[in-house]
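Shown next, in structure tokens, is the structure this report addresses.
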Amino acid sequence: MHLFLIFQEIFNIQYSLFNFHYSLFNIFFVPSHSKNSFRNMRFKEEINESYTMAEAIKEAQRCLHCKVPQCKKGCPISNDIPDWIHELKKGNLGNAISIIRAKSNLPAVCGRVCAHEKQCEGNCVLGKKGEPVNIGKLERFVADFDSDNELTHEDIAEKTRGKIAVIGAGPSGITVAGDLSRMGFAVEIFEMEAQCGGVLRYGIPEYRLPKEVVAREIRYIEKMGVVIHRNTHVGENITVESLFAQGFDAIFIGTGLSKPKSLEIPIWQNGRCISEGEGAVKCSDLKRIRLATHFLRRVELISEGFMNRDELPVDEGAKVFVIGCGNTAMDASRSALRIGCSAVDVIYNKGIDTMSALRAEYDDAVKEGVQFRWWSSISEIHVDDNLDITEIVLETQEPDKEPVRQVLPANNIIFAIGAIPATRIVRSTSGLENDDHNFLITRDVPYGMTTKKGVFAGGDVVGRQATVVHAMQDAKQVALGIAQYVDAVKLLKIINE
Ligand code: FAD
């Protein structure tokens, strides 16, 4: 452990020197503001600082290594938390990460975005009388230390058991790919975007989850032998049937929720309602109304230089109203402030007790200046001759109180009211069925198989509780279902020969 602390000190000094040179470089060579990006680069700063080695070991020493660990019970993927914390305590970081990786393909992600206060940390016995062990931050530390220093390398299993296609490289697809690859299957991922990660890449903002962290997790999966085909839209460029024709034994669909929900709100122009009758203007026709996931995606693409700032019609200084009160609404409202909007109000038609956002996310949004208007809804949108929003009418109806009607200046509205799966793959595949809400129908045996033989699905697309770790939990079970199915089909073939 002593050696580790010395190493850590040297590492920290070099890191600070690097940062110092980097700042000088920025001062002299980087223009203070590029018109193609955001003026406010606070957007890129990660909010929570990482532990140093000494801090991590000190925190790990608080763990009681309980015989019946409640933290593990609280973790949807049953991460062996006390065991890896025990290794961390001793400075055995290689062992610690190996224990974590046995259950998780996304440790650096889970360490940052899981709802720890509801899961592992929420169940830690130390939390009953005091502070629970900061498990999320410790997991993040171990995972980052491992990839920064390339500590561990997995033995790559021989790919002899079969060939699996995975559609979608979000948390569910990555989990299925990683687990099946370890079990000896040759896995190929087909992802429609240029970059992998799904919501991790294009939804959760950089300041909560740096994209380099996601890229590192993807690189790890590729090192395990998983082949990734980017920019490949299944249902458009290729189909499920054509994948079977290419010789895949089974196919996994982990395409998430790519169709955000929208609202229709009456639109008024020069004292006349223009959202009714012939030539009606809809909310989707107004460029200053955005769906939260589309907004977050654009912010991400602009901040990385893939899109110009003027392609996002949310101006600096704008007054923004975000409808909805889940984590997506928190990300959209905080991102709006970070790109320079002057005021952001979250509109929610119920009270704080029923919001689906995590308390910590809500607290951070309040700290950063987001205003919350409970029991409220927008009843009218007022636009000028260019269809730019000028005002909204806000109706507030608190229980047992008189209703209040306010006309407020506004420039943009962002809808963050949920999403459902797209239907492109269902429409292009015979025998594949979804339910009334577009979720794919699956069965329990073999776990995760859809109504089409050999096609499996998991994660958000089947209507799981929409969090990263629940998508992973489901995908892990589906991976076992796929392995059972492929083995059984091969065995039957041998028997029938
Ligand atoms: P996704 O992450 O949606 O991945 C689906 C992948 O499939 C994408 O890469 C997509 O491009 C690809 N795809 C779709 N259709 C096709 C096709 N036809 N062909 C090829 N590829 C296709 N959860 C948390 O636990 N913590 C958080 O802090 C959190 N914050 C969130 C913030 C936002 C803004 C949002 C929208 C969600 C958040 N969630 C959070 C929820 C979490 O991100 C999701 O539950 C999780 O990503 C679901 O994983 P998935 O693999 O099922 O789907």
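We name chains A, B, ... following the order of the structure tokens; residues begin at 1 in each chain, and ligands are numbered from 1 as shown.
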Practice problem: Report the residues of stretch 255-484 of chain A whose backbone DSSP state falls under strand (DSSP E), written as a count of residues only. | Solution: 54
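Once A:Ile378 and its same-chain neighbours fewer than 6 positions away are set aside, Ile265, Ile323, Ile347, Ile392, Val393, Leu394, Glu395 and Thr396 of chain A remain within 9 Å of it when counting only C-alpha atoms.
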Self-check item: Near-A:Trp268 list (9 Å; only C-alpha atoms; drop same-chain fewer than 5 positions) as a PyMOL selection string
Solution: chain A and resi 273-275+380-384
Residues of stretch 190-242 of chain A that approach stretch 288-297 of chain A to 9 Å or less, counting only C-alpha atoms: could you list each one with the shortest pair of atoms and its distance in Å to one decimal, rows by chain and increasing residue number, as a Markdown table?
```
| residue | atom | partner | partner_atom | distance |
| --- | --- | --- | --- | --- |
| A:Val199 | CA | A:Thr293 | CA | 8.8 |
| A:Arg201 | CA | A:Arg297 | CA | 8.6 |
| A:Tyr202 | CA | A:Arg297 | CA | 5.0 |
| A:Gly203 | CA | A:Leu296 | CA | 5.7 |
| A:Ile204 | CA | A:Leu296 | CA | 7.7 |
| A:Pro205 | CA | A:Leu296 | CA | 7.1 |
```
How would the residues just picked look written out with C-alpha atoms as an mmCIF file, in the first residue's frame?
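Generated output (part-v9.cif):
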```cif
data_model
loop_
_atom_site.group_PDB
_atom_site.id
_atom_site.type_symbol
_atom_site.label_atom_id
_atom_site.label_comp_id
_atom_site.auth_asym_id
_atom_site.auth_seq_id
_atom_site.Cartn_x
_atom_site.Cartn_y
_atom_site.Cartn_z
ATOM 1 C CA VAL A 199 -28.223 7.445 -24.010
ATOM 2 C CA ARG A 201 -23.328 8.975 -25.416
ATOM 3 C CA TYR A 202 -26.087 11.247 -26.728
ATOM 4 C CA GLY A 203 -28.382 11.814 -23.723
ATOM 5 C CA ILE A 204 -26.624 12.148 -20.363
ATOM 6 C CA PRO A 205 -24.611 15.400 -20.524
#
```
Practice problem: Enumerate the residues of stretch 140-274 of chain A with a DSSP assignment of helix (DSSP H, G or I), computed from the backbone, and present them as a ChimeraX atom specification. | Solution: /A:140-149,171-182,199-202,211-223,240-245
Output for the residues just chosen: C-alpha atoms as a CSV table (one decimal), in the first residue's frame:
```
chain,number,residue,atom,x,y,z
A,140,ARG,CA,-15.7,5.1,-10.2
A,141,PHE,CA,-12.2,5.5,-8.7
A,142,VAL,CA,-11.3,1.8,-9.2
A,143,ALA,CA,-12.7,1.7,-12.8
A,144,ASP,CA,-10.9,5.0,-13.8
A,145,PHE,CA,-7.7,3.9,-12.2
A,146,ASP,CA,-7.8,0.6,-14.1
A,147,SER,CA,-8.4,2.2,-17.5
A,148,ASP,CA,-6.0,5.2,-16.9
A,149,ASN,CA,-3.2,2.7,-16.1
A,171,PRO,CA,-26.1,-0.3,-21.9
A,172,SER,CA,-28.3,-3.3,-22.8
A,173,GLY,CA,-26.5,-4.1,-26.1
A,174,ILE,CA,-23.0,-3.6,-24.5
A,175,THR,CA,-23.9,-5.9,-21.6
A,176,VAL,CA,-25.2,-8.7,-23.8
A,177,ALA,CA,-22.2,-8.3,-26.1
A,178,GLY,CA,-19.7,-8.4,-23.2
A,179,ASP,CA,-21.3,-11.3,-21.4
A,180,LEU,CA,-21.8,-13.5,-24.5
A,181,SER,CA,-18.3,-12.7,-25.6
A,182,ARG,CA,-16.9,-14.0,-22.3
A,199,VAL,CA,-28.2,7.4,-24.0
A,200,LEU,CA,-24.8,7.4,-22.3
A,201,ARG,CA,-23.3,9.0,-25.4
A,202,TYR,CA,-26.1,11.2,-26.7
A,211,LYS,CA,-17.8,10.9,-23.2
A,212,GLU,CA,-14.2,9.7,-22.9
A,213,VAL,CA,-15.4,7.5,-20.0
A,214,VAL,CA,-18.1,5.9,-22.3
A,215,ALA,CA,-15.5,5.5,-25.2
A,216,ARG,CA,-13.2,3.7,-22.8
A,217,GLU,CA,-15.8,1.2,-21.8
A,218,ILE,CA,-16.6,0.6,-25.5
A,219,ARG,CA,-12.9,0.1,-26.3
A,220,TYR,CA,-12.7,-2.5,-23.5
A,221,ILE,CA,-15.6,-4.5,-25.1
A,222,GLU,CA,-13.8,-4.3,-28.5
A,223,LYS,CA,-10.6,-5.6,-27.0
A,240,VAL,CA,-33.3,-8.9,-39.0
A,241,GLU,CA,-33.9,-11.4,-41.8
A,242,SER,CA,-30.7,-10.4,-43.6
A,243,LEU,CA,-28.8,-10.8,-40.4
A,244,PHE,CA,-30.1,-14.4,-40.1
A,245,ALA,CA,-29.1,-14.9,-43.8
```
Quiz item: Quick one: of A:Gly130, A:Gly459, A:Gly162, A:Gly184, who's nearest to A:Gly247, counting only C-alpha atoms?
Solution: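 Among the listed residues, A:Gly162 lies closest to A:Gly247.
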Quiz item: Between A:Pro69, A:Gly197, A:Gly340, A:Pro107, which is the closest to ligand 1 once you count only C-alpha atoms and all ligand atoms?
Solution: A:Gly197
Quiz item: Which distance in Å separates atom 29 (C, counted along the ligand's line) of ligand 1 and atom CA of A:Val370, to one decimal?
Solution: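 Separating atom 29 (C, counted along the ligand's line) of ligand 1 from atom CA of A:Val370 is a distance of 18.4 Å.
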Quiz item: A:Glu300, A:Glu59, A:Glu278, A:Glu193: which is nearest ligand 1, counting only C-alpha atoms and all ligand atoms?
Solution: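 Nearest candidate to ligand 1 out of A:Glu300, A:Glu59, A:Glu278, A:Glu193: A:Glu193.
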Exercise. Determine the nearest neighbour of ligand 1 from the options A:Thr467, A:Asn496, A:Ser377, A:Gln269, counting only C-alpha atoms and all ligand atoms.
Key: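 The answer is A:Thr467, which sits nearest to ligand 1.
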Quiz item: Skipping near chain neighbours, those fewer than 3 positions away, what residues fall within 7 Å of A:Pro82 using only C-alpha atoms, listed as a list in words?
Solution: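 So, after excluding close chain neighbours, the residues are His65, Ile85 and His86 of chain A.
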Quiz prompt | Long-range neighbours of A:Asn412 as a PyMOL selection string, 7 Å cut-off, only C-alpha atoms, 3 positions minimum in chain | solution = chain A and resi 288-289+314+319-321+389
Could the residues in this selection be saved with C-alpha atoms as an mmCIF file, in the first residue's frame?
```
data_model
loop_
_atom_site.group_PDB
_atom_site.id
_atom_site.type_symbol
_atom_site.label_atom_id
_atom_site.label_comp_id
_atom_site.auth_asym_id
_atom_site.auth_seq_id
_atom_site.Cartn_x
_atom_site.Cartn_y
_atom_site.Cartn_z
ATOM 1 C CA ARG A 288 -38.304 27.004 -30.626
ATOM 2 C CA ILE A 289 -40.015 23.938 -29.193
ATOM 3 C CA VAL A 314 -32.020 28.119 -28.224
ATOM 4 C CA LYS A 319 -35.959 32.160 -21.187
ATOM 5 C CA VAL A 320 -36.641 28.442 -21.325
ATOM 6 C CA PHE A 321 -39.526 26.370 -19.959
ATOM 7 C CA ILE A 389 -42.269 32.188 -29.014
#
```
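Separating atom CA of A:Met192 from atom CA of A:Glu304 is a distance of 18.7 Å.
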Practice problem: Write out as number ranges by chain the residues lying within 9 Å of stretch 228-236 of chain A, counting only C-alpha atoms and excluding same-chain residues fewer than 6 positions away. | Solution: A: 167-169, 187-196, 222, 424-429
Could those residues be written to a file, using N, CA and C atoms, as a PDB file, in the first residue's frame?
```
ATOM      1  N   ILE A 167     -28.290  -5.602 -31.857  1.00  0.00           N
ATOM      2  CA  ILE A 167     -28.725  -4.348 -32.490  1.00  0.00           C
ATOM      3  C   ILE A 167     -28.832  -3.273 -31.411  1.00  0.00           C
ATOM      4  N   GLY A 168     -27.975  -2.256 -31.508  1.00  0.00           N
ATOM      5  CA  GLY A 168     -27.974  -1.171 -30.531  1.00  0.00           C
ATOM      6  C   GLY A 168     -26.813  -1.301 -29.560  1.00  0.00           C
ATOM      7  N   ALA A 169     -26.037  -0.223 -29.418  1.00  0.00           N
ATOM      8  CA  ALA A 169     -24.876  -0.246 -28.519  1.00  0.00           C
ATOM      9  C   ALA A 169     -25.105   0.638 -27.309  1.00  0.00           C
ATOM     10  N   VAL A 187     -19.484 -12.097 -31.242  1.00  0.00           N
ATOM     11  CA  VAL A 187     -20.557 -11.104 -31.193  1.00  0.00           C
ATOM     12  C   VAL A 187     -20.245  -9.922 -32.113  1.00  0.00           C
ATOM     13  N   GLU A 188     -21.259  -9.510 -32.874  1.00  0.00           N
ATOM     14  CA  GLU A 188     -21.125  -8.302 -33.692  1.00  0.00           C
ATOM     15  C   GLU A 188     -22.261  -7.350 -33.333  1.00  0.00           C
ATOM     16  N   ILE A 189     -21.900  -6.082 -33.075  1.00  0.00           N
ATOM     17  CA  ILE A 189     -22.914  -5.070 -32.736  1.00  0.00           C
ATOM     18  C   ILE A 189     -23.210  -4.220 -33.973  1.00  0.00           C
ATOM     19  N   PHE A 190     -24.499  -3.922 -34.191  1.00  0.00           N
ATOM     20  CA  PHE A 190     -24.916  -3.040 -35.286  1.00  0.00           C
ATOM     21  C   PHE A 190     -25.547  -1.801 -34.657  1.00  0.00           C
ATOM     22  N   GLU A 191     -24.887  -0.660 -34.803  1.00  0.00           N
ATOM     23  CA  GLU A 191     -25.318   0.575 -34.136  1.00  0.00           C
ATOM     24  C   GLU A 191     -25.585   1.649 -35.196  1.00  0.00           C
ATOM     25  N   MET A 192     -26.761   2.293 -35.094  1.00  0.00           N
ATOM     26  CA  MET A 192     -27.103   3.267 -36.147  1.00  0.00           C
ATOM     27  C   MET A 192     -26.320   4.578 -36.052  1.00  0.00           C
ATOM     28  N   GLU A 193     -25.837   4.896 -34.848  1.00  0.00           N
ATOM     29  CA  GLU A 193     -25.121   6.164 -34.675  1.00  0.00           C
ATOM     30  C   GLU A 193     -23.634   6.009 -35.017  1.00  0.00           C
ATOM     31  N   ALA A 194     -22.969   7.176 -35.153  1.00  0.00           N
ATOM     32  CA  ALA A 194     -21.533   7.150 -35.438  1.00  0.00           C
ATOM     33  C   ALA A 194     -20.742   6.714 -34.200  1.00  0.00           C
ATOM     34  N   GLN A 195     -21.321   6.950 -33.010  1.00  0.00           N
ATOM     35  CA  GLN A 195     -20.634   6.595 -31.763  1.00  0.00           C
ATOM     36  C   GLN A 195     -21.514   5.669 -30.938  1.00  0.00           C
ATOM     37  N   CYS A 196     -20.885   4.816 -30.145  1.00  0.00           N
ATOM     38  CA  CYS A 196     -21.646   3.849 -29.336  1.00  0.00           C
ATOM     39  C   CYS A 196     -21.950   4.421 -27.941  1.00  0.00           C
ATOM     40  N   GLU A 222     -14.459  -3.920 -27.234  1.00  0.00           N
ATOM     41  CA  GLU A 222     -13.842  -4.265 -28.525  1.00  0.00           C
ATOM     42  C   GLU A 222     -12.590  -5.111 -28.322  1.00  0.00           C
ATOM     43  N   ARG A 424     -39.521   0.798 -36.297  1.00  0.00           N
ATOM     44  CA  ARG A 424     -38.936   0.461 -37.599  1.00  0.00           C
ATOM     45  C   ARG A 424     -38.580  -1.031 -37.717  1.00  0.00           C
ATOM     46  N   ILE A 425     -37.983  -1.594 -36.674  1.00  0.00           N
ATOM     47  CA  ILE A 425     -37.563  -3.005 -36.776  1.00  0.00           C
ATOM     48  C   ILE A 425     -38.783  -3.920 -36.782  1.00  0.00           C
ATOM     49  N   VAL A 426     -39.786  -3.578 -35.965  1.00  0.00           N
ATOM     50  CA  VAL A 426     -41.004  -4.405 -35.936  1.00  0.00           C
ATOM     51  C   VAL A 426     -41.663  -4.389 -37.323  1.00  0.00           C
ATOM     52  N   ARG A 427     -41.716  -3.197 -37.923  1.00  0.00           N
ATOM     53  CA  ARG A 427     -42.395  -3.080 -39.224  1.00  0.00           C
ATOM     54  C   ARG A 427     -41.650  -3.831 -40.326  1.00  0.00           C
ATOM     55  N   SER A 428     -40.326  -3.988 -40.152  1.00  0.00           N
ATOM     56  CA  SER A 428     -39.561  -4.644 -41.226  1.00  0.00           C
ATOM     57  C   SER A 428     -39.270  -6.113 -40.930  1.00  0.00           C
ATOM     58  N   THR A 429     -39.893  -6.665 -39.855  1.00  0.00           N
ATOM     59  CA  THR A 429     -39.601  -8.065 -39.501  1.00  0.00           C
ATOM     60  C   THR A 429     -40.901  -8.851 -39.320  1.00  0.00           C
TER      61      THR A 429
END
```
Exercise. May I have the residues within 12 Å of A:Ala318 as a PyMOL selection string, using only C-alpha atoms and disregarding those fewer than 6 positions away in the same chain?
Key: chain A and resi 288+336-345+388-391+409-413
Save out the residues we just selected, C-alpha atoms, as a PDB file, in the first residue's frame.
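The result, written out as result.pdb:
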```pdb
ATOM      1  CA  ARG A 288     -38.304  27.004 -30.626  1.00  0.00           C
ATOM      2  CA  ALA A 336     -29.874  24.951 -21.005  1.00  0.00           C
ATOM      3  CA  LEU A 337     -28.380  27.043 -18.194  1.00  0.00           C
ATOM      4  CA  ARG A 338     -24.903  25.798 -18.979  1.00  0.00           C
ATOM      5  CA  ILE A 339     -25.149  26.814 -22.648  1.00  0.00           C
ATOM      6  CA  GLY A 340     -26.017  30.351 -21.541  1.00  0.00           C
ATOM      7  CA  CYS A 341     -29.825  30.597 -21.261  1.00  0.00           C
ATOM      8  CA  SER A 342     -30.753  33.296 -18.763  1.00  0.00           C
ATOM      9  CA  ALA A 343     -33.607  31.514 -16.943  1.00  0.00           C
ATOM     10  CA  VAL A 344     -34.913  27.962 -16.912  1.00  0.00           C
ATOM     11  CA  ASP A 345     -38.207  26.962 -15.300  1.00  0.00           C
ATOM     12  CA  ASP A 388     -40.937  32.637 -32.552  1.00  0.00           C
ATOM     13  CA  ILE A 389     -42.269  32.188 -29.014  1.00  0.00           C
ATOM     14  CA  THR A 390     -42.786  35.437 -27.085  1.00  0.00           C
ATOM     15  CA  GLU A 391     -44.920  34.401 -24.060  1.00  0.00           C
ATOM     16  CA  PRO A 409     -42.108  36.046 -21.212  1.00  0.00           C
ATOM     17  CA  ALA A 410     -40.651  32.976 -22.939  1.00  0.00           C
ATOM     18  CA  ASN A 411     -38.374  32.044 -25.834  1.00  0.00           C
ATOM     19  CA  ASN A 412     -38.154  28.255 -25.811  1.00  0.00           C
ATOM     20  CA  ILE A 413     -40.068  25.217 -24.582  1.00  0.00           C
TER      21      ILE A 413
END
```
